[in-house]
Amino acid sequence: MEFIRPIQIDDAKLVSTTILEDDYPEWVSGQSYALDEYVIRTQTHRVYRCSGAVTSSTPPEEDILNWTDYGPTNAWAMFDQDVSTLSDSSAQDEVTVVISPGRVDSIALLRLQARTIDVSMNWNGEEVYSAHIDLEEPSNNTGGLFDYFFEPRVLGSYWYENELVDLAFLDMTPFISSEITITFRNPGGLVKVGEFVCGKKFYIGETQNNPRPGVKNYSVRKRDEKTGKITLQKGGSTRYLRASARLDTKDLDSVFSTLERYKDEPMVIVATSLHGSMIILGLVDWEMERQNSLITQIEITAEGVS
């Protein structure tokens, strides 16, 4: 079981993206705006909705009386640590993103709609890592995905046309000034990315054969007492994951203190990269049981942040 602590992608780390940041017109100081007009701010990479007629030199992020934060711009939705907001390729069936995140060794792609993914890492002008993932034809896959060469992996089971999947690349070598390029392709369809997470992983222990992924549904169901029919008021949902891992007792304190240090930070939890449903961006609770001087069991509960 690995955890990835996300590195925040900002203007300095995003080298380029083929998704344009043109959702709405850029806000202009002193211009008049009417109720329900939308603007973007490329400084904050957010969309704002005018909540009342206004003419002001105060930017929307500082004027909460007249502007409502509507969410991230399309190009930056994949970096906002919210899997429910998706970057999409508009009319394109291919998206290329280039980042320079610093020293990282892992990438997670969550709520992804694409058929193929190509990843490359360059350092000092040389390619030091590459992977090609074909979600429809797993026999075409090369490199990447830590468990691919060590355990049977049926990537085809992940692919359903226009569905969203989750993947993790856990076998990258960290270089302090590397540049990572990812190209997503979905011939004949749109590319969508809910969250693009990169960071350094830390190993918790060997996942046991009982991970339990699930969904917490916030829809409201009401059954009519006379007819027995159910009416549904649709709501959101979040994923959760319960899993056990076994670690060496000598590592008990270091694992405990690491988890305690990051207890209030969303992390990517990878119970196993063989199943996308067991890769989740969330907050973690845990309990340990020291079974003997050699083996300690840890029970993990991860609750999705969105």
# chains A, B, ... in the order shown; residues from 1 in each chain; ligands from 1
>>> closest_atom_pairs(of="segment 160-226 of chain A", to="segment 75-85 of chain A", cutoff="12 Å", atoms="only C-alpha atoms", output="tab-separated table")
residue	atom	partner	partner_atom	distance
A:Leu164	CA	A:Val83	CA	10.8
A:Val165	CA	A:Val83	CA	11.4
A:Asp166	CA	A:Val83	CA	10.6
A:Val191	CA	A:Met78	CA	11.7
A:Lys192	CA	A:Met78	CA	8.9
A:Val193	CA	A:Met78	CA	5.8
A:Gly194	CA	A:Val83	CA	4.6
A:Glu195	CA	A:Met78	CA	4.2
A:Phe196	CA	A:Met78	CA	5.3
A:Val197	CA	A:Phe79	CA	7.1
A:Cys198	CA	A:Phe79	CA	9.7
>>> write_last_selection(atoms="C-alpha atoms", output="CSV table (one decimal), in the first residue's frame")
chain,number,residue,atom,x,y,z
A,164,LEU,CA,-14.1,7.5,-16.1
A,165,VAL,CA,-11.2,5.4,-14.8
A,166,ASP,CA,-8.3,5.8,-12.3
A,191,VAL,CA,-10.5,13.7,-23.1
A,192,LYS,CA,-11.5,14.4,-19.5
A,193,VAL,CA,-9.2,14.5,-16.4
A,194,GLY,CA,-10.7,14.9,-12.9
A,195,GLU,CA,-7.4,15.1,-11.1
A,196,PHE,CA,-3.8,15.0,-12.2
A,197,VAL,CA,-1.7,14.3,-9.0
A,198,CYS,CA,2.0,14.0,-8.8
>>> residues_around(residues="Asn66 of chain A", least_positions_apart="6", cutoff="12 Å", atoms="only C-alpha atoms", output="list in words")
Ser32, Tyr33, Ala34, Leu35, Asp36, Glu37, Tyr38, Tyr48, Arg49, Cys50, Ser51, Gly52, Ala53, Val54, Thr55, Ser56, Ser57, Thr58, Pro59 and Pro60 of chain A
>>> closest_residue(among="A:Leu232, A:Ser130, A:Ile280, A:Val97", to="Leu14 of chain A", atoms="only C-alpha atoms")
A:Val97
>>> residues_around(residues="Trp123 of chain A", least_positions_apart="4", cutoff="12 Å", atoms="only C-alpha atoms", output="compact mmCIF listing (two decimals) with C-alpha atoms, in the first residue's frame")
# COMPACT_ATOMS: atom_id res chain seq x y z
CA SER A 100 8.06 20.64 -14.11
CA GLY A 102 10.45 19.06 -8.96
CA ARG A 103 11.42 15.75 -7.39
CA GLU A 127 14.38 10.76 -21.56
CA VAL A 128 14.71 8.87 -18.28
CA TYR A 129 11.24 7.34 -18.09
CA THR A 173 12.76 7.70 -10.67
CA PRO A 174 12.79 11.13 -8.97
CA PHE A 175 14.99 13.82 -10.54
CA ILE A 176 15.21 17.25 -8.97
CA SER A 177 14.63 19.25 -12.18
CA SER A 178 12.76 16.87 -14.47
CA GLU A 179 10.06 17.72 -16.98
CA ILE A 180 7.10 15.37 -17.36
CA THR A 181 4.93 15.22 -20.48
>>> closest_residue(among="A:Ser90, A:Ser16, A:Arg223, A:Asp23", to="Gly189 of chain A", atoms="only C-alpha atoms")
A:Ser90
>>> residues_around(residues="segment 212-218 of chain A", least_positions_apart="6", cutoff="8 Å", atoms="only C-alpha atoms", output="PyMOL selection string")
chain A and resi 234-243+277-278
>>> write_last_selection(atoms="C-alpha atoms", output="tab-separated table (two decimals), in the first residue's frame")
chain	number	residue	atom	x	y	z
A	234	LYS	CA	-30.38	13.12	-6.60
A	235	GLY	CA	-27.33	14.29	-4.71
A	236	GLY	CA	-23.59	13.92	-4.84
A	237	SER	CA	-21.43	11.04	-3.70
A	238	THR	CA	-17.95	10.36	-2.40
A	239	ARG	CA	-15.79	7.27	-2.52
A	240	TYR	CA	-14.29	5.56	0.48
A	241	LEU	CA	-11.81	2.76	0.98
A	242	ARG	CA	-11.22	0.41	3.89
A	243	ALA	CA	-8.14	-1.77	3.74
A	277	SER	CA	-11.56	1.62	-7.51
A	278	MET	CA	-8.81	1.14	-4.94
>>> select_by_dssp(residues="segment 66-278 of chain A", states="strand (DSSP E)", output="NGL selection string")
:A and (67-72 or 87-88 or 94-99 or 106-113 or 116-123 or 126-134 or 165-169 or 179-185 or 192-203 or 206-207 or 212-217 or 220-223 or 230-233 or 237-248 or 267-270)
>>> closest_residue(among="A:Arg115, A:Lys201, A:Lys263, A:Lys226", to="Asp171 of chain A", atoms="only C-alpha atoms")
A:Lys201
>>> atom_distance(atom1="atom CA of Leu259 of chain A", atom2="atom CA of Asp285 of chain A")
8.6 Å
